[in-house]
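Shown below: input06.txt, with compact mmCIF, C-alpha atoms.
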# COMPACT_ATOMS: atom_id res chain seq x y z
CA MET A 28 24.62 -2.46 18.12
CA ASN A 29 26.95 0.55 18.17
CA LYS A 30 26.27 4.19 17.46
CA ALA A 31 26.95 4.17 13.71
CA ASN A 32 24.55 1.28 13.15
CA LYS A 33 21.87 3.02 15.16
CA ILE A 34 22.37 6.08 12.98
CA ILE A 35 21.88 4.15 9.76
CA ILE A 36 18.71 2.42 11.05
CA GLY A 37 17.46 5.76 12.36
CA VAL A 38 18.07 7.43 8.98
CA ILE A 39 16.15 4.68 7.18
CA LEU A 40 13.24 4.89 9.64
CA ALA A 41 13.19 8.67 9.26
CA LEU A 42 13.09 8.23 5.45
CA VAL A 43 10.20 5.77 5.83
CA LEU A 44 8.17 8.21 7.91
CA PHE A 45 9.10 11.18 5.73
CA SER A 46 8.21 9.47 2.45
CA TYR A 47 4.98 8.09 3.92
CA TRP A 48 4.02 11.56 5.07
CA GLY A 49 5.05 13.13 1.75
CA PHE A 50 2.95 10.77 -0.35
CA PHE A 51 0.05 11.12 2.03
CA LEU A 52 0.11 14.87 1.43
CA ALA A 53 0.79 14.65 -2.31
CA TYR A 54 -2.03 12.28 -3.11
CA ARG A 55 -4.66 13.57 -0.73
CA GLN A 56 -5.93 16.51 -2.76
CA ASN A 57 -7.28 14.65 -5.75
CA ALA A 58 -8.57 16.33 -8.89
CA PRO A 59 -12.35 16.80 -8.75
CA LEU A 60 -14.26 13.77 -9.97
CA THR A 61 -16.39 14.00 -13.10
CA ALA A 62 -19.62 12.02 -13.27
CA VAL A 63 -21.16 11.10 -16.61
CA ILE A 64 -24.79 9.95 -16.88
CA SER A 65 -25.82 8.33 -20.13
CA VAL A 66 -29.08 6.87 -21.43
CA ASN A 67 -28.91 4.28 -24.18
CA GLY A 68 -25.26 5.14 -24.68
CA ASP A 69 -25.86 8.87 -25.22
CA ILE A 70 -24.40 11.22 -22.62
CA VAL A 71 -27.21 13.29 -21.12
CA VAL A 72 -25.56 14.88 -18.08
CA GLN A 73 -21.94 15.53 -17.26
CA LEU A 74 -21.02 17.24 -14.00
CA LYS A 75 -18.13 17.79 -11.62
CA LEU A 76 -18.57 16.34 -8.15
CA ASP A 77 -16.62 19.08 -6.39
CA GLU A 78 -17.41 21.20 -3.34
CA SER A 79 -19.43 23.76 -5.32
CA ILE A 80 -22.41 21.47 -5.85
CA SER A 81 -24.99 20.93 -3.14
CA LYS A 82 -26.86 17.74 -2.50
CA HIS A 83 -29.57 17.54 -5.14
CA PHE A 84 -31.53 15.20 -7.39
CA ILE A 85 -31.40 14.87 -11.16
CA LYS A 86 -34.32 13.32 -13.03
CA ILE A 87 -33.27 11.13 -15.94
CA PRO A 88 -36.02 9.97 -18.33
CA GLY A 89 -35.47 6.47 -19.72
CA PRO A 90 -37.49 3.90 -21.66
CA LEU A 91 -39.18 2.53 -18.50
CA GLY A 92 -39.79 5.83 -16.70
CA THR A 93 -37.85 8.37 -14.70
CA SER A 94 -34.69 7.45 -12.79
CA VAL A 95 -33.69 9.81 -10.00
CA VAL A 96 -29.97 10.34 -9.45
CA GLU A 97 -28.74 11.92 -6.23
CA VAL A 98 -25.59 14.01 -6.28
CA LYS A 99 -23.43 15.36 -3.46
CA PRO A 100 -19.84 16.63 -3.38
CA GLY A 101 -17.53 13.72 -4.14
CA ALA A 102 -20.18 11.04 -4.68
CA ILE A 103 -23.19 10.05 -6.76
CA ARG A 104 -25.88 7.34 -6.52
CA MET A 105 -29.12 6.09 -8.00
CA LYS A 106 -31.82 7.29 -5.61
CA SER A 107 -34.81 5.65 -7.24
CA SER A 108 -35.44 3.78 -10.44
CA PRO A 109 -38.45 2.25 -12.21
CA CYS A 110 -36.58 -0.99 -12.91
CA PRO A 111 -37.87 -4.25 -11.35
CA GLU A 112 -34.79 -5.44 -9.40
CA HIS A 113 -33.26 -2.11 -8.22
CA TYR A 114 -29.70 -3.41 -8.55
CA CYS A 115 -28.65 0.11 -9.48
CA MET A 116 -30.02 1.49 -6.21
CA LYS A 117 -28.38 -1.32 -4.24
CA THR A 118 -24.98 -0.30 -5.65
CA GLY A 119 -25.13 2.73 -3.35
CA TRP A 120 -22.83 5.74 -3.49
CA ILE A 121 -19.87 5.64 -5.84
CA ASP A 122 -16.95 7.95 -5.19
CA ARG A 123 -13.84 6.73 -7.04
CA PRO A 124 -12.75 7.09 -10.69
CA GLY A 125 -13.83 4.15 -12.83
CA GLN A 126 -16.79 3.13 -10.65
CA VAL A 127 -20.11 2.57 -12.39
CA VAL A 128 -23.78 2.36 -11.45
CA ALA A 129 -25.66 0.55 -14.19
CA CYS A 130 -29.42 0.29 -14.62
CA ILE A 131 -29.83 -2.01 -17.59
CA PRO A 132 -33.65 -2.10 -17.74
CA ASN A 133 -33.93 1.69 -17.87
CA ARG A 134 -30.72 1.98 -19.97
CA VAL A 135 -29.15 4.46 -17.50
CA ILE A 136 -25.42 4.30 -16.78
CA ILE A 137 -23.74 6.52 -14.19
CA LYS A 138 -19.99 6.52 -14.40
CA ILE A 139 -17.22 8.44 -12.66
CA SER A 140 -14.78 9.02 -15.46
CA PRO A 141 -11.20 8.13 -14.66
CA ASP A 142 -8.61 10.87 -14.64
CA LYS A 143 -5.98 10.35 -17.32
CA GLU A 144 -3.11 9.82 -14.88
CA SER A 145 -4.46 6.90 -12.93
CA LEU A 146 -3.73 3.32 -13.90
CA ASP A 147 -5.80 0.30 -12.91
CA ALA A 148 -3.00 -2.20 -13.15
CA ILE A 149 0.35 -2.82 -14.74
CA SER A 150 1.32 -6.25 -15.93
CA HIS A 151 4.49 -7.47 -17.55
CA MET B 5 45.24 -10.03 -11.57
CA SER B 6 46.71 -13.25 -10.30
CA LEU B 7 45.31 -16.62 -11.19
CA ARG B 8 44.44 -17.19 -7.56
CA LYS B 9 42.36 -14.02 -7.40
CA GLN B 10 40.62 -14.91 -10.66
CA THR B 11 39.72 -18.30 -9.28
CA ILE B 12 38.35 -16.84 -6.07
CA ILE B 13 36.30 -14.29 -8.02
CA ALA B 14 34.89 -17.11 -10.15
CA VAL B 15 33.92 -19.05 -7.01
CA LEU B 16 32.31 -15.99 -5.44
CA LEU B 17 30.48 -15.24 -8.70
CA SER B 18 29.05 -18.74 -8.97
CA LEU B 19 28.02 -18.56 -5.32
CA ALA B 20 26.26 -15.25 -5.98
CA ILE B 21 24.47 -16.67 -9.04
CA ILE B 22 23.30 -19.71 -7.05
CA LEU B 23 21.95 -17.46 -4.27
CA HIS B 24 20.30 -15.22 -6.89
CA LEU B 25 18.52 -18.22 -8.40
CA PHE B 26 17.77 -19.83 -5.04
CA GLU B 27 16.15 -16.66 -3.79
CA ALA B 28 13.65 -16.67 -6.65
CA LEU B 29 12.40 -20.03 -5.37
CA ILE B 30 11.58 -18.80 -1.86
CA PRO B 31 7.93 -17.77 -1.57
CA ILE B 32 7.40 -14.44 0.17
CA PRO B 33 4.88 -14.65 3.03
CA PHE B 34 3.31 -11.27 2.24
CA PRO B 35 1.87 -10.04 -1.03
CA ILE B 36 4.22 -7.17 -1.77
CA PRO B 37 6.05 -7.66 -5.07
CA GLY B 38 9.70 -6.69 -4.95
CA VAL B 39 10.32 -7.50 -1.29
CA LYS B 40 12.91 -10.23 -1.03
CA LEU B 41 15.78 -11.30 1.17
CA GLY B 42 18.68 -10.16 -0.96
CA LEU B 43 20.84 -13.20 -0.29
CA ALA B 44 23.09 -12.46 -3.25
CA ASN B 45 24.01 -9.22 -1.52
CA ILE B 46 25.98 -11.31 0.99
CA VAL B 47 28.49 -12.18 -1.71
CA THR B 48 28.78 -8.59 -2.93
CA LEU B 49 29.56 -7.40 0.60
CA LEU B 50 31.96 -10.30 1.13
CA ALA B 51 33.80 -9.28 -2.03
CA LEU B 52 33.94 -5.71 -0.75
CA VAL B 53 35.45 -6.91 2.52
CA LEU B 54 37.91 -9.33 0.92
CA PHE B 55 38.92 -7.31 -2.12
CA ASP B 56 37.88 -3.87 -3.30
CA PHE B 57 35.08 -1.91 -4.92
CA LYS B 58 36.10 -2.85 -8.47
CA THR B 59 35.93 -6.57 -7.76
CA ALA B 60 32.64 -6.31 -5.88
CA PHE B 61 31.15 -4.24 -8.69
CA LEU B 62 32.30 -6.79 -11.25
CA ILE B 63 30.71 -9.62 -9.26
CA ALA B 64 27.43 -7.71 -8.76
CA PHE B 65 27.29 -6.80 -12.46
CA LEU B 66 28.04 -10.31 -13.72
CA ARG B 67 25.77 -11.87 -11.11
CA THR B 68 22.68 -9.96 -12.28
CA MET B 69 23.52 -10.62 -15.93
CA LEU B 70 24.20 -14.35 -15.58
CA GLY B 71 21.58 -14.93 -12.88
CA SER B 72 18.89 -13.35 -15.04
CA LEU B 73 20.10 -15.25 -18.08
CA LEU B 74 19.76 -18.53 -16.19
CA SER B 75 16.37 -17.71 -14.66
CA GLY B 76 15.02 -16.55 -18.01
CA THR B 77 14.28 -12.99 -16.97
CA ILE B 78 17.12 -11.27 -18.80
CA PHE B 79 16.23 -7.85 -20.29
CA ASN B 80 12.69 -7.86 -18.95
CA ILE B 81 11.55 -5.48 -16.24
CA ALA B 82 12.63 -7.68 -13.31
CA PHE B 83 16.15 -7.77 -14.73
CA PHE B 84 16.42 -3.99 -14.97
CA LEU B 85 15.09 -3.65 -11.43
CA SER B 86 17.57 -6.08 -9.91
CA PHE B 87 20.37 -4.63 -12.05
CA ALA B 88 19.74 -1.07 -10.87
CA GLY B 89 19.34 -2.30 -7.28
CA ALA B 90 22.58 -4.31 -7.32
CA ILE B 91 24.62 -1.44 -8.76
CA THR B 92 23.18 1.12 -6.30
CA SER B 93 23.67 -1.09 -3.27
CA THR B 94 27.24 -2.01 -4.25
CA CYS B 95 28.17 1.66 -4.62
CA PHE B 96 26.46 2.61 -1.36
CA MET B 97 28.01 -0.21 0.64
CA ALA B 98 31.43 0.69 -0.75
CA ILE B 99 30.89 4.27 0.44
CA LEU B 100 29.90 3.05 3.90
CA LEU B 101 32.82 0.64 4.07
CA PHE B 102 35.63 2.73 2.61
CA LEU B 103 34.80 6.39 2.98
CA LEU B 104 33.01 6.63 6.31
CA PRO B 105 35.32 4.58 8.58
CA PRO B 106 37.96 7.35 8.71
CA ILE B 107 35.26 9.64 10.12
CA PHE B 108 33.67 7.20 12.51
CA HIS B 109 36.53 4.88 13.15
CA HIS B 110 37.44 5.28 16.76
CA ASP B 111 37.60 1.84 18.37
CA ASP B 112 34.39 0.04 17.35
CA ARG B 113 32.26 3.01 16.42
CA GLY B 114 32.35 2.38 12.68
CA PHE B 115 29.63 0.61 10.78
CA SER B 116 29.47 -3.09 11.45
CA LEU B 117 28.79 -5.54 8.66
CA VAL B 118 25.15 -5.66 9.77
CA GLY B 119 24.81 -1.89 9.53
CA ILE B 120 26.43 -1.82 6.09
CA SER B 121 24.19 -4.66 4.97
CA ILE B 122 21.07 -2.76 6.08
CA GLY B 123 22.29 0.35 4.27
CA GLY B 124 22.95 -1.72 1.16
CA ALA B 125 19.47 -3.24 1.29
CA ALA B 126 17.90 0.22 1.58
CA ALA B 127 20.02 1.48 -1.34
CA HIS B 128 19.03 -1.59 -3.37
CA ASN B 129 15.35 -0.81 -2.87
CA LEU B 130 15.85 2.87 -3.68
CA GLY B 131 17.73 2.11 -6.91
CA GLN B 132 15.16 -0.48 -7.86
CA LEU B 133 12.26 1.93 -7.34
CA ALA B 134 14.01 4.70 -9.25
CA MET B 135 14.48 2.31 -12.17
CA ALA B 136 10.84 1.19 -11.90
CA ALA B 137 9.69 4.83 -12.00
CA LEU B 138 11.88 5.35 -15.07
CA LEU B 139 10.46 2.31 -16.87
CA ILE B 140 6.81 2.79 -15.97
CA LYS B 141 6.94 6.58 -16.29
CA HIS B 142 4.52 7.02 -13.43
CA SER B 143 5.63 8.44 -10.11
CA GLY B 144 2.87 6.50 -8.29
CA ILE B 145 5.39 3.67 -7.96
CA PHE B 146 7.00 5.65 -5.14
CA TYR B 147 3.98 4.69 -3.03
CA TYR B 148 6.10 1.59 -2.45
CA LEU B 149 8.97 3.56 -0.99
CA PRO B 150 7.98 3.45 2.71
CA ILE B 151 7.20 -0.28 2.57
CA MET B 152 10.37 -1.14 0.67
CA LEU B 153 12.59 0.93 2.95
CA LEU B 154 11.01 -0.56 6.05
CA SER B 155 11.46 -4.08 4.69
CA SER B 156 15.14 -3.39 4.05
CA ILE B 157 15.82 -3.24 7.80
CA PRO B 158 14.92 -6.88 8.66
CA THR B 159 16.23 -8.29 5.35
CA GLY B 160 19.49 -6.33 5.60
CA PHE B 161 19.83 -7.37 9.22
CA LEU B 162 19.41 -11.04 8.34
CA THR B 163 21.89 -11.02 5.45
CA GLY B 164 24.32 -9.03 7.59
CA LEU B 165 24.11 -11.64 10.36
CA ILE B 166 24.73 -14.43 7.85
CA LEU B 167 27.80 -12.60 6.53
CA ARG B 168 29.09 -11.96 10.05
CA GLU B 169 28.85 -15.66 10.90
CA LEU B 170 30.49 -16.54 7.57
CA ILE B 171 33.43 -14.25 8.22
CA LYS B 172 33.72 -15.54 11.79
CA TYR B 173 33.90 -19.06 10.39
CA MET B 174 36.46 -18.07 7.76
CA LYS B 175 38.63 -16.51 10.47
CA LEU B 176 38.35 -19.60 12.68
CA SER B 177 39.28 -21.92 9.86
CA GLY B 178 42.25 -19.73 9.01
CA GLN B 179 41.03 -18.81 5.55
CA LEU B 180 40.75 -15.14 6.25
CA GLU B 181 43.64 -12.81 6.63
CA ILE B 182 42.41 -9.67 5.02
CA GLN B 183 45.80 -8.06 4.43
CA GLN B 184 46.91 -11.17 2.63
CA TRP B 185 43.78 -11.19 0.47
CA ASN B 186 44.32 -7.64 -0.64
CA GLN B 187 47.71 -8.50 -2.05
CA LEU B 188 46.43 -11.27 -4.30

For the file at hand, write its structure as structure tokens.
Amino acid sequence: MNKANKIIIGVILALVLFSYWGFFLAYRQNAPLTAVISVNGDIVVQLKLDESISKHFIKIPGPLGTSVVEVKPGAIRMKSSPCPEHYCMKTGWIDRPGQVVACIPNRVIIKISPDKESLDAISH
Amino acid sequence: MSLRKQTIIAVLLSLAIILHLFEALIPIPFPIPGVKLGLANIVTLLALVLFDFKTAFLIAFLRTMLGSLLSGTIFNIAFFLSFAGAITSTCFMAILLFLLPPIFHHDDRGFSLVGISIGGAAAHNLGQLAMAALLIKHSGIFYYLPIMLLSSIPTGFLTGLILRELIKYMKLSGQLEIQQWNQL
């Protein structure tokens, strides 16, 4: 292992670290997430989950009663629901584009809408 | 081009195609698509050592065309990736082999075959990713860059070692006198 070979391995390792660091910085500040709450397919609330909102509750009336949605910066969840099984509440906080909390009995769907850039998968 | 050189190029080309096809059969122990050994690169570098850039380029070009044709991937995305990678790595290895030695070449301070092979593997991955970004039109593909570059060190090292042993064997068996090869 002479000097020139060490240089080439060193340059590649430096590129690895540099690119890793670069992408870490570039993709860290994501666009603010947008949450959409719909009842029976109709959008009733649409809000940005950015730093400007404080932790609060939103009451959503549905066919069975009132669902309570809790919102905080960057995440959203179903706090309480009149449905029998509470699957929606068990889903917990969602915080990534494309994630969904669904309460079928009370017809309430909470969805974080995907930003246009992001792809789920590419297949050829 | 003499008949002897043509014959040797044909043998090298068929060797490269066989390695290209053989490589597709080896399962990769980790789930990162695109990481592979790059065995066919051995032949490209051998052609660079024995002949010149033009010959090596010809072999790399024909190898990706014919290898993809035989494996049934011609003109799909995998073909364009390996094509871009092969061209980039051939050019980069030629630069390392022909242009840099005058700068570095005091006694044994130049790049060894292993070093050139590692550089070629890194260039292959870079070219491949650039082509992938071009085809998919989404820069997120460059997330792969650190992994691909890191993987090029062990894979390039391995192919470089194989080539070093091959050349050692060719020298021992008297089949390698580089000056003589150049005059073919």

Please, what distance in Å, to one decimal, runs between atom CA of B:Leu49 and atom CA of B:Gly160?
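Spanning atom CA of B:Leu49 to atom CA of B:Gly160 is a straight-line distance of 11.3 Å.
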
What is the atom CA of B:Leu16 to atom CA of B:Val47 distance in Å?
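Distance reported for this atom pair: 6.6 Å.
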
Record the distance separating atom CA of A:Val96 and atom CA of A:Leu76, expressed in Å with one decimal.
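Interatomic distance, atom CA of A:Val96 to atom CA of A:Leu76: 12.9 Å.
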
Could you tell me which residues of chain B sit within 7 Å of chain A when counting all atoms listed in the file, and give me the result as a VMD selection string?
chain B and resid 113 to 116 119 123 147 149 to 150 153 to 154

When distances are computed from only C-alpha atoms, which of A:Thr118, A:Gln73, A:Ser140, A:Ser81 shows the smallest separation from A:Met105?
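Selected residue with least distance to A:Met105: A:Thr118.
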
Using only C-alpha atoms: which of B:Thr59, B:Leu43, B:Thr48, B:Ile171 has the shortest distance to B:Met5
B:Thr59

Which residues, written as number ranges by chain, have at least one atom at most 7 Å from A:Gly101, with all atoms listed in the file counted and residues fewer than 5 positions away on the same chain left out?
A: 60, 76-77, 122

Taking C-alpha atoms for each residue, export the selection above as a PDB file, keeping the file's coordinate frame.
ATOM      1  CA  LEU A  60     -14.260  13.770  -9.970  1.00  0.00           C
ATOM      2  CA  LEU A  76     -18.570  16.340  -8.150  1.00  0.00           C
ATOM      3  CA  ASP A  77     -16.620  19.080  -6.390  1.00  0.00           C
ATOM      4  CA  ASP A 122     -16.950   7.950  -5.190  1.00  0.00           C
TER       5      ASP A 122
END

Among the residues A:Ile80, A:Val71, A:Ile139, A:Met116, the one that comes closest to A:Val95 [using all atoms listed in the file]:
A:Met116

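Between B:Thr77 and the residues B:His142, B:Arg168, B:Arg8, B:His24, the shortest atom-to-atom distance, using only C-alpha atoms, involves B:His24.
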
When distances are computed from only C-alpha atoms, which of B:Ala28, B:Glu169, B:Asn80, B:Ile63 shows the smallest separation from B:Leu117?
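Counting only C-alpha atoms, the residue closest to B:Leu117 is B:Glu169.
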
Give as number ranges by chain the set of residues within 9 Å of the point (21.3, -7.6, 12.4), where distances use the file's coordinates and all atoms listed in the file.
A: 28; B: 117-119, 121-122, 157-166

Residues from the last selection, C-alpha atoms, saved as a PDB file, keeping the file's coordinate frame:
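Now in out07.pdb:
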ATOM      1  CA  MET A  28      24.620  -2.460  18.120  1.00  0.00           C
TER       2      MET A  28
ATOM      3  CA  LEU B 117      28.790  -5.540   8.660  1.00  0.00           C
ATOM      4  CA  VAL B 118      25.150  -5.660   9.770  1.00  0.00           C
ATOM      5  CA  GLY B 119      24.810  -1.890   9.530  1.00  0.00           C
ATOM      6  CA  SER B 121      24.190  -4.660   4.970  1.00  0.00           C
ATOM      7  CA  ILE B 122      21.070  -2.760   6.080  1.00  0.00           C
ATOM      8  CA  ILE B 157      15.820  -3.240   7.800  1.00  0.00           C
ATOM      9  CA  PRO B 158      14.920  -6.880   8.660  1.00  0.00           C
ATOM     10  CA  THR B 159      16.230  -8.290   5.350  1.00  0.00           C
ATOM     11  CA  GLY B 160      19.490  -6.330   5.600  1.00  0.00           C
ATOM     12  CA  PHE B 161      19.830  -7.370   9.220  1.00  0.00           C
ATOM     13  CA  LEU B 162      19.410 -11.040   8.340  1.00  0.00           C
ATOM     14  CA  THR B 163      21.890 -11.020   5.450  1.00  0.00           C
ATOM     15  CA  GLY B 164      24.320  -9.030   7.590  1.00  0.00           C
ATOM     16  CA  LEU B 165      24.110 -11.640  10.360  1.00  0.00           C
ATOM     17  CA  ILE B 166      24.730 -14.430   7.850  1.00  0.00           C
TER      18      ILE B 166
END

Selection near B:Thr68, 8 Å with all atoms listed in the file, sequence-local residues under 3 positions removed, as a PyMOL selection string:
chain B and resi 21+24+64-65+71-72+83+86-87+90

Work out where the centre of an axis-aligned box around every listed atom of stretch 158-173 of chain B lies and how long its edges are once 4 Å is added on each side; give both in Å to one decimal as JSON.
{"center_x": 24.4, "center_y": -12.7, "center_z": 8.6, "size_x": 27.0, "size_y": 20.7, "size_z": 14.4}

Could you list, as an MDAnalysis selection string, every residue within 10 Å of B:Leu23, counting all atoms listed in the file and ignoring same-chain residues fewer than 6 positions away?
chainID B and resid 17 29 42:47 67 71

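The shortest atom-to-atom distance to A:Pro100, with only C-alpha atoms taken into account, belongs to A:Leu74 out of A:Asn67, A:Leu74, A:Cys130, A:Glu112.
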